[in-house]
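Worksheet: the structure to be examined is printed underneath.
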Amino acid sequence: MLKTPKISDVKNKTVLVRVDFNVPLENGHVADDQRLIATLPLIDFLQKHAAKVILISHLGRPDGQVMSEFSLGPVAKRLQEKFGLRTSFVNECIGKSVSEAVEKLEAGEILLLENLRFHKEEEVNDARFAKELVNDSGAEVYINEAFSASHRAHASVVGVAKLLPSFAGFGLAQEVTALSNLLEKAKHPFIVVLGGAKIDDKVSAVRNLSKLADLVLVGGGIANAFLQAAGFEVHHSFMGQKAELNVKIAKEILLEHQTERTVVDVHDQKQASKIPVPRVVLPIDVLAAKNGQVKDEKNVLKLQLLRNVKDSDNNLDLQYLDIGPETIDLYEFLLSKAKTIFFNGPLGVFENQLFMKGSKEIVKAIAKNTKRGVTTILGGGETNAVINQFNLRDNFTHVSTAGGAALEFLGGEKLPGIVVLEKTN
Ligand code: AMP
């Protein structure tokens with residue numbers, strides 16, 4: 001059990017809180033508040049008990065460089081303006097300016113420090129950097145409220161936790177409980193739906209989840225690697241930075257499950273029968289176009305993927321950008337058989353109206369399943385964006401802010417940020 005802070009742990013203390021404010025920014029404004037909202041119960045608790053609250057986070061991938069487009073300044077503004085929190089901001093996360101700002105901080109006030117990843121030491125878990133984060137802020141207590149960053153052994157996640165009395169934030173503890181239940185007590189049939197574009201990370205997640213779940217339904221970019229692995233033509237579809245390796249891993253996964261079937265009941269008016277379904281289910285049709293930016297429906301093709309017709313000269317300028325209508329029907333049908341569902345990653349380029357239907361219909365189907373008592377867990381930044389877009393947030397058992405961390409956790413991996421909290425408690 002992870003230890004969350006009690007009143008006596010934080011009362012009148014200076015508390016360093018690792019949050020995940022890696023939020024989308026549009027024209028310098030926070031475009032999605034979900035990750036901010038997730039931290040409010042903890043912040044409220046700390047304020048009530050007169051703690052000085054120092055928030056630290058990363059934003060984007062500035063790779064150790066100071067890059068103004070990745071500044072957390074707009075987040076401080078948002079905390080103040082939208083959520084009415086007394087928040088100040090320093091454009092550094094270590095050094096004299098931090099100590100001076102903390103000095104001025106009153107009990108119950110919030111100080112957000114600048115992007116940790118402006119220092120390359122953060123991502124290599126540099127011990128001196130961790131010490132500076134602690135000493136310069138004068139922190140007496142550390143709380144990790146960034147489950148979504150806890151799969152990274154970074155200084156603010158691991159190094160700092162070793163130096164101070166450390167606790168799990170309320171949201172982090174809740175995430176770990178929800179995902180542990182899924183891991184240990186998932187009712188079967190357990191169906192995973194996996195999409196998105198972080199294919200380099202996600203192919204391994206499919207390997208792990210296909211051992212845990214009865215069925216893994218793939219869509220989005222990840223489906224392209226599996227389709228190619230299964231021998232289908234995918235033209236110029238996106239298959240990740242390490243496309244060749246991803247296809248190789250996908251092939252291994254398909255082979256691993258070659259001799260397994262999940263039996264699914266089918267009823268129609270006249271009779272009931274059973275059909276065998278492979279462990280990893282691939283789309284049977286897709287929407288394809290030249291690229292994800294096309295504007296006109298006339299330029300979108302619906303392709304059936306029932307047998308392979310190789311593009312012999314590979315000249316067709318096409319990418320697979322969403323699952324097709326028949327796949328939507330198939331996935332909806334399979335999901336109606338589930339007792340537990342986990343969903344991560346959009347099934348198409350949902351930012352474009354023309355390719356959002358797969359994601360929309362499948363999250364709607366999952367929401368419907370929640371109503372019939374199915375445990376439904378969704379995770380990931382983009383997944384959060386999808387359910388917000390369709391106003392479905394309150395229709396699931398648990399919505400995790402974490403993508404990669406949740407996938408690693410469900411894959412049975414020990415997350416460094418969680419391990420260190422268990423050890424220090
Ligand atoms: P992730 O962060 O892994 O969940 O990926 C989310 C991104 O995947 C979204 O921005 C989608 O536009 C993108 N995506 C979904 N399907 C595809 C696809 N078939 N090809 C390329 N990108 C996709």
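Labels for the structure tokens follow display order: chains A, B, ..., residues from 1 in each chain, ligands from 1.
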
- Task: Report as a ChimeraX atom specification which protein, DNA and RNA residues come within 9 Å of ligand 1, using only C-alpha atoms and all ligand atoms.
- Result: /A:194-199,201-202,219-224,237-240,286-288,291-292,319-323,344-352,355-356,359,379-383,403-404

Contact check, region 170-238 of chain A to region 418-422 of chain A, at most 12 Å, counting only C-alpha atoms, closest pairs as CSV:
```
residue,atom,partner,partner_atom,distance
A:Leu172,CA,A:Ile418,CA,9.2
A:Ala173,CA,A:Ile418,CA,9.6
A:Glu175,CA,A:Ile418,CA,11.2
A:Val176,CA,A:Ile418,CA,8.9
```

Based on the selection just made, write N, CA and C atoms of those residues as a PDB file, in the first residue's frame.
```pdb
ATOM      1  N   LEU A 172      -2.248   9.820  -7.509  1.00  0.00           N
ATOM      2  CA  LEU A 172      -1.321   8.739  -7.860  1.00  0.00           C
ATOM      3  C   LEU A 172      -1.763   7.440  -7.175  1.00  0.00           C
ATOM      4  N   ALA A 173      -2.103   7.547  -5.895  1.00  0.00           N
ATOM      5  CA  ALA A 173      -2.508   6.342  -5.153  1.00  0.00           C
ATOM      6  C   ALA A 173      -3.765   5.731  -5.771  1.00  0.00           C
ATOM      7  N   GLU A 175      -4.721   5.976  -8.910  1.00  0.00           N
ATOM      8  CA  GLU A 175      -4.347   5.357 -10.200  1.00  0.00           C
ATOM      9  C   GLU A 175      -3.767   3.970  -9.956  1.00  0.00           C
ATOM     10  N   VAL A 176      -2.866   3.891  -8.969  1.00  0.00           N
ATOM     11  CA  VAL A 176      -2.196   2.616  -8.710  1.00  0.00           C
ATOM     12  C   VAL A 176      -3.230   1.572  -8.248  1.00  0.00           C
TER      13      VAL A 176
END
```

- Tell me, as a PyMOL selection string, which residues lie within 9 Å of Ser166 (chain A), counting only C-alpha atoms; anything in the same chain fewer than 5 positions away does not count. chain A and resi 3-5+141-144+160-161+420-421+424-425

The selected residues should be written to file as a short mmCIF file (atom, residue, chain, number, x, y, z; two decimals), in the first residue's frame (atoms: N, CA, C and O atoms).
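So the final result, stored in part-v5.cif, reads:
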```cif
data_model
loop_
_atom_site.label_atom_id
_atom_site.label_comp_id
_atom_site.auth_asym_id
_atom_site.auth_seq_id
_atom_site.Cartn_x
_atom_site.Cartn_y
_atom_site.Cartn_z
N LYS A 3 1.83 5.08 0.77
CA LYS A 3 1.46 5.98 1.86
C LYS A 3 1.12 7.36 1.30
O LYS A 3 1.95 7.97 0.62
N THR A 4 -0.09 7.84 1.59
CA THR A 4 -0.47 9.20 1.22
C THR A 4 -0.25 10.10 2.45
O THR A 4 -0.23 9.59 3.57
N PRO A 5 -0.07 11.40 2.27
CA PRO A 5 0.27 12.25 3.41
C PRO A 5 -0.90 12.46 4.38
O PRO A 5 -2.04 12.63 3.95
N VAL A 141 9.30 18.05 2.61
CA VAL A 141 8.52 16.86 2.30
C VAL A 141 8.38 16.78 0.78
O VAL A 141 8.30 17.81 0.11
N TYR A 142 8.33 15.54 0.25
CA TYR A 142 8.13 15.36 -1.20
C TYR A 142 6.87 14.53 -1.44
O TYR A 142 6.64 13.53 -0.75
N ILE A 143 6.09 14.97 -2.39
CA ILE A 143 4.91 14.17 -2.79
C ILE A 143 4.95 13.97 -4.30
O ILE A 143 5.13 14.92 -5.07
N ASN A 144 4.77 12.72 -4.74
CA ASN A 144 4.67 12.45 -6.17
C ASN A 144 3.20 12.36 -6.54
O ASN A 144 2.49 11.45 -6.13
N VAL A 160 14.82 12.89 -6.00
CA VAL A 160 14.31 13.73 -4.92
C VAL A 160 13.62 12.88 -3.85
O VAL A 160 13.76 13.14 -2.64
N ALA A 161 12.92 11.83 -4.28
CA ALA A 161 12.18 10.98 -3.32
C ALA A 161 13.12 10.32 -2.33
O ALA A 161 12.72 9.97 -1.22
N VAL A 420 10.38 3.67 -5.61
CA VAL A 420 11.08 4.51 -4.65
C VAL A 420 10.15 4.95 -3.51
O VAL A 420 10.57 5.06 -2.36
N LEU A 421 8.87 5.15 -3.82
CA LEU A 421 7.92 5.52 -2.76
C LEU A 421 7.70 4.35 -1.82
O LEU A 421 7.57 4.53 -0.60
N THR A 424 10.83 4.16 0.45
CA THR A 424 11.06 5.21 1.45
C THR A 424 10.01 5.19 2.54
O THR A 424 10.15 5.81 3.56
N ASN A 425 8.90 4.46 2.29
CA ASN A 425 7.82 4.43 3.29
C ASN A 425 8.06 3.35 4.33
O ASN A 425 8.55 2.30 4.05
#
```

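Closest approach to Glu260 (chain A) among A:Ala289, A:Asp32, A:Glu233, A:Leu215: A:Leu215, based on only C-alpha atoms.
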
- Message: Would you pick out the contacts of region 386-401 of chain A at 6 Å or less, using only C-alpha atoms, so that residues sharing its chain but fewer than 4 positions from it are not included, and give the list as a VMD selection string?
- Response: chain A and resid 367 370 375 to 380

- Looking only at helix (DSSP H, G or I) from DSSP on the backbone, list the matching residues of region 188-351 of chain A as JSON, numbers by chain. {"A": [199, 200, 201, 202, 203, 204, 205, 206, 207, 208, 209, 210, 211, 212, 220, 221, 222, 223, 224, 225, 226, 227, 228, 229, 243, 244, 245, 246, 247, 248, 249, 250, 251, 252, 253, 254, 255, 256, 297, 298, 299, 325, 326, 327, 328, 329, 330, 331, 332, 333, 334, 335]}

Write out, as a PDB file, in the first residue's frame, the residues just selected, with C-alpha atoms.
```
ATOM      1  CA  ILE A 199       4.104   2.659 -31.676  1.00  0.00           C
ATOM      2  CA  ASP A 200       7.718   2.251 -30.555  1.00  0.00           C
ATOM      3  CA  ASP A 201       6.475   2.003 -26.949  1.00  0.00           C
ATOM      4  CA  LYS A 202       3.190   0.321 -27.626  1.00  0.00           C
ATOM      5  CA  VAL A 203       4.188  -2.799 -29.549  1.00  0.00           C
ATOM      6  CA  SER A 204       5.779  -4.134 -26.365  1.00  0.00           C
ATOM      7  CA  ALA A 205       2.655  -3.170 -24.459  1.00  0.00           C
ATOM      8  CA  VAL A 206       0.642  -5.358 -26.827  1.00  0.00           C
ATOM      9  CA  ARG A 207       2.986  -8.230 -26.026  1.00  0.00           C
ATOM     10  CA  ASN A 208       2.346  -7.832 -22.290  1.00  0.00           C
ATOM     11  CA  LEU A 209      -1.349  -7.092 -22.524  1.00  0.00           C
ATOM     12  CA  SER A 210      -1.996 -10.005 -24.858  1.00  0.00           C
ATOM     13  CA  LYS A 211      -0.910 -12.293 -22.027  1.00  0.00           C
ATOM     14  CA  LEU A 212      -3.246 -10.611 -19.571  1.00  0.00           C
ATOM     15  CA  GLY A 220      -4.645   3.596 -35.018  1.00  0.00           C
ATOM     16  CA  GLY A 221      -1.003   3.650 -35.985  1.00  0.00           C
ATOM     17  CA  ILE A 222      -0.229   0.509 -34.037  1.00  0.00           C
ATOM     18  CA  ALA A 223      -2.579  -1.499 -36.284  1.00  0.00           C
ATOM     19  CA  ASN A 224      -0.431  -0.603 -39.288  1.00  0.00           C
ATOM     20  CA  ALA A 225       2.581  -2.419 -37.839  1.00  0.00           C
ATOM     21  CA  PHE A 226       0.426  -5.484 -37.113  1.00  0.00           C
ATOM     22  CA  LEU A 227      -1.198  -5.436 -40.542  1.00  0.00           C
ATOM     23  CA  GLN A 228       2.206  -5.295 -42.200  1.00  0.00           C
ATOM     24  CA  ALA A 229       3.421  -8.087 -39.896  1.00  0.00           C
ATOM     25  CA  ALA A 243       9.084   0.853 -38.216  1.00  0.00           C
ATOM     26  CA  GLU A 244      11.159  -2.186 -39.122  1.00  0.00           C
ATOM     27  CA  LEU A 245      11.696  -3.225 -35.511  1.00  0.00           C
ATOM     28  CA  ASN A 246       8.036  -2.607 -34.687  1.00  0.00           C
ATOM     29  CA  VAL A 247       6.887  -4.864 -37.504  1.00  0.00           C
ATOM     30  CA  LYS A 248       9.342  -7.533 -36.353  1.00  0.00           C
ATOM     31  CA  ILE A 249       7.986  -7.412 -32.787  1.00  0.00           C
ATOM     32  CA  ALA A 250       4.404  -7.415 -34.079  1.00  0.00           C
ATOM     33  CA  LYS A 251       5.204 -10.540 -36.107  1.00  0.00           C
ATOM     34  CA  GLU A 252       6.625 -12.268 -33.020  1.00  0.00           C
ATOM     35  CA  ILE A 253       3.501 -11.414 -31.030  1.00  0.00           C
ATOM     36  CA  LEU A 254       1.196 -12.767 -33.731  1.00  0.00           C
ATOM     37  CA  LEU A 255       3.277 -15.956 -33.846  1.00  0.00           C
ATOM     38  CA  GLU A 256       3.222 -16.325 -30.057  1.00  0.00           C
ATOM     39  CA  GLU A 297     -14.247  13.306 -48.028  1.00  0.00           C
ATOM     40  CA  LYS A 298     -13.844  12.644 -51.765  1.00  0.00           C
ATOM     41  CA  ASN A 299     -10.158  11.997 -51.087  1.00  0.00           C
ATOM     42  CA  PRO A 325     -17.110   0.933 -40.459  1.00  0.00           C
ATOM     43  CA  GLU A 326     -16.968  -2.863 -40.537  1.00  0.00           C
ATOM     44  CA  THR A 327     -14.166  -2.880 -38.000  1.00  0.00           C
ATOM     45  CA  ILE A 328     -16.216  -0.544 -35.802  1.00  0.00           C
ATOM     46  CA  ASP A 329     -19.101  -3.050 -35.949  1.00  0.00           C
ATOM     47  CA  LEU A 330     -16.791  -5.972 -35.215  1.00  0.00           C
ATOM     48  CA  TYR A 331     -15.077  -4.247 -32.269  1.00  0.00           C
ATOM     49  CA  GLU A 332     -18.437  -3.097 -30.847  1.00  0.00           C
ATOM     50  CA  PHE A 333     -19.703  -6.649 -31.023  1.00  0.00           C
ATOM     51  CA  LEU A 334     -16.623  -8.076 -29.303  1.00  0.00           C
ATOM     52  CA  LEU A 335     -16.731  -5.371 -26.613  1.00  0.00           C
TER      53      LEU A 335
END
```

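Across the model, the gap from CA of Ala139 (chain A) to CA of Asp44 (chain A) is 18.2 Å.
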
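Proximity ranking of A:Arg279, A:His151, A:His267, A:His257 relative to Asp214 (chain A) places A:Arg279 first, based on only C-alpha atoms.
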
- Message: Can you tell me, as JSON, numbers by chain, which residues in region 49-209 of chain A count as strand (DSSP E or B) by DSSP?
- Response: {"A": [52, 53, 54, 55, 56, 87, 88, 89, 90, 110, 111, 112, 113, 141, 142, 143, 144, 166, 167, 168, 190, 191, 192, 193, 194]}

Using N, CA, C and O atoms, can you export the residues from the last selection as an mmCIF file, in the first residue's frame?
```cif
data_model
loop_
_atom_site.group_PDB
_atom_site.id
_atom_site.type_symbol
_atom_site.label_atom_id
_atom_site.label_comp_id
_atom_site.auth_asym_id
_atom_site.auth_seq_id
_atom_site.Cartn_x
_atom_site.Cartn_y
_atom_site.Cartn_z
ATOM 1 N N LYS A 52 3.446 25.380 2.392
ATOM 2 C CA LYS A 52 3.890 26.151 1.232
ATOM 3 C C LYS A 52 4.013 25.123 0.106
ATOM 4 O O LYS A 52 4.736 24.126 0.265
ATOM 5 N N VAL A 53 3.329 25.352 -1.006
ATOM 6 C CA VAL A 53 3.242 24.322 -2.047
ATOM 7 C C VAL A 53 4.153 24.673 -3.224
ATOM 8 O O VAL A 53 3.940 25.694 -3.892
ATOM 9 N N ILE A 54 5.143 23.840 -3.459
ATOM 10 C CA ILE A 54 6.033 24.091 -4.603
ATOM 11 C C ILE A 54 5.811 23.005 -5.632
ATOM 12 O O ILE A 54 6.017 21.815 -5.363
ATOM 13 N N LEU A 55 5.342 23.426 -6.808
ATOM 14 C CA LEU A 55 5.008 22.446 -7.845
ATOM 15 C C LEU A 55 6.144 22.356 -8.864
ATOM 16 O O LEU A 55 6.664 23.387 -9.322
ATOM 17 N N ILE A 56 6.516 21.122 -9.215
ATOM 18 C CA ILE A 56 7.527 20.927 -10.260
ATOM 19 C C ILE A 56 6.983 19.976 -11.319
ATOM 20 O O ILE A 56 6.237 19.040 -11.015
ATOM 21 N N THR A 87 -1.066 31.619 -7.195
ATOM 22 C CA THR A 87 0.106 30.954 -7.752
ATOM 23 C C THR A 87 1.132 31.959 -8.251
ATOM 24 O O THR A 87 0.787 32.877 -9.005
ATOM 25 N N SER A 88 2.371 31.781 -7.855
ATOM 26 C CA SER A 88 3.425 32.565 -8.495
ATOM 27 C C SER A 88 4.319 31.619 -9.293
ATOM 28 O O SER A 88 4.212 30.389 -9.166
ATOM 29 N N PHE A 89 5.191 32.198 -10.105
ATOM 30 C CA PHE A 89 5.972 31.404 -11.041
ATOM 31 C C PHE A 89 7.399 31.937 -11.078
ATOM 32 O O PHE A 89 7.615 33.139 -11.052
ATOM 33 N N VAL A 90 8.375 31.026 -11.099
ATOM 34 C CA VAL A 90 9.771 31.457 -11.284
ATOM 35 C C VAL A 90 10.283 30.802 -12.552
ATOM 36 O O VAL A 90 10.023 29.610 -12.778
ATOM 37 N N ILE A 110 1.037 28.967 -3.607
ATOM 38 C CA ILE A 110 1.623 28.004 -4.541
ATOM 39 C C ILE A 110 2.715 28.677 -5.368
ATOM 40 O O ILE A 110 2.558 29.801 -5.827
ATOM 41 N N LEU A 111 3.792 27.934 -5.552
ATOM 42 C CA LEU A 111 4.853 28.413 -6.436
ATOM 43 C C LEU A 111 5.090 27.326 -7.475
ATOM 44 O O LEU A 111 5.389 26.178 -7.134
ATOM 45 N N LEU A 112 4.936 27.695 -8.742
ATOM 46 C CA LEU A 112 5.237 26.736 -9.815
ATOM 47 C C LEU A 112 6.618 27.074 -10.364
ATOM 48 O O LEU A 112 6.893 28.228 -10.703
ATOM 49 N N LEU A 113 7.476 26.067 -10.430
ATOM 50 C CA LEU A 113 8.824 26.289 -10.961
ATOM 51 C C LEU A 113 8.852 25.975 -12.457
ATOM 52 O O LEU A 113 7.987 25.259 -12.977
ATOM 53 N N VAL A 141 9.303 18.050 2.614
ATOM 54 C CA VAL A 141 8.521 16.857 2.298
ATOM 55 C C VAL A 141 8.381 16.777 0.775
ATOM 56 O O VAL A 141 8.299 17.809 0.109
ATOM 57 N N TYR A 142 8.330 15.536 0.251
ATOM 58 C CA TYR A 142 8.133 15.362 -1.200
ATOM 59 C C TYR A 142 6.875 14.528 -1.443
ATOM 60 O O TYR A 142 6.643 13.529 -0.749
ATOM 61 N N ILE A 143 6.086 14.973 -2.393
ATOM 62 C CA ILE A 143 4.906 14.172 -2.787
ATOM 63 C C ILE A 143 4.945 13.969 -4.297
ATOM 64 O O ILE A 143 5.129 14.916 -5.067
ATOM 65 N N ASN A 144 4.770 12.723 -4.737
ATOM 66 C CA ASN A 144 4.671 12.451 -6.174
ATOM 67 C C ASN A 144 3.197 12.361 -6.541
ATOM 68 O O ASN A 144 2.491 11.453 -6.126
ATOM 69 N N SER A 166 8.883 10.958 1.828
ATOM 70 C CA SER A 166 8.170 10.974 0.540
ATOM 71 C C SER A 166 6.834 10.269 0.611
ATOM 72 O O SER A 166 6.703 9.243 1.272
ATOM 73 N N PHE A 167 5.864 10.821 -0.113
ATOM 74 C CA PHE A 167 4.505 10.276 -0.084
ATOM 75 C C PHE A 167 3.933 10.194 -1.491
ATOM 76 O O PHE A 167 4.395 10.877 -2.403
ATOM 77 N N ALA A 168 2.899 9.359 -1.599
ATOM 78 C CA ALA A 168 2.142 9.282 -2.854
ATOM 79 C C ALA A 168 1.034 10.315 -2.798
ATOM 80 O O ALA A 168 0.340 10.428 -1.782
ATOM 81 N N PHE A 190 -11.653 -10.143 -20.597
ATOM 82 C CA PHE A 190 -10.977 -8.861 -20.450
ATOM 83 C C PHE A 190 -10.497 -8.451 -21.856
ATOM 84 O O PHE A 190 -9.733 -9.176 -22.485
ATOM 85 N N ILE A 191 -10.993 -7.328 -22.319
ATOM 86 C CA ILE A 191 -10.649 -6.899 -23.683
ATOM 87 C C ILE A 191 -9.898 -5.569 -23.643
ATOM 88 O O ILE A 191 -10.323 -4.613 -22.987
ATOM 89 N N VAL A 192 -8.776 -5.538 -24.338
ATOM 90 C CA VAL A 192 -7.964 -4.322 -24.435
ATOM 91 C C VAL A 192 -8.141 -3.731 -25.833
ATOM 92 O O VAL A 192 -8.139 -4.469 -26.821
ATOM 93 N N VAL A 193 -8.325 -2.426 -25.902
ATOM 94 C CA VAL A 193 -8.362 -1.745 -27.199
ATOM 95 C C VAL A 193 -7.172 -0.794 -27.220
ATOM 96 O O VAL A 193 -7.028 0.053 -26.339
ATOM 97 N N LEU A 194 -6.329 -0.948 -28.211
ATOM 98 C CA LEU A 194 -5.098 -0.161 -28.225
ATOM 99 C C LEU A 194 -4.912 0.533 -29.577
ATOM 100 O O LEU A 194 -4.955 -0.109 -30.626
#
```

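Counting from CA of Gly417 (chain A), the distance to CA of Arg152 (chain A) is 7.0 Å.
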
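Of the listed residues (A:Val134, A:Ala51, A:Val30, A:Ala230), A:Val134 comes nearest to Ser99 (chain A); the distances count only C-alpha atoms.
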
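Note that the spacing between CA of Ser150 (chain A) and CA of Ala402 (chain A) amounts to 9.3 Å.
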
- Query: For Val124 (chain A), which residue out of A:Leu182, A:Val66, A:Ala213, A:Ala153 is the nearest one, using only C-alpha atoms?
  - Reply: A:Ala153

- Do a neighbour search on Ala149 (chain A) at 7 Å with only C-alpha atoms, toss out local chain neighbours closer than 3 positions, and write the hits as a VMD selection string. chain A and resid 20 146 152 405
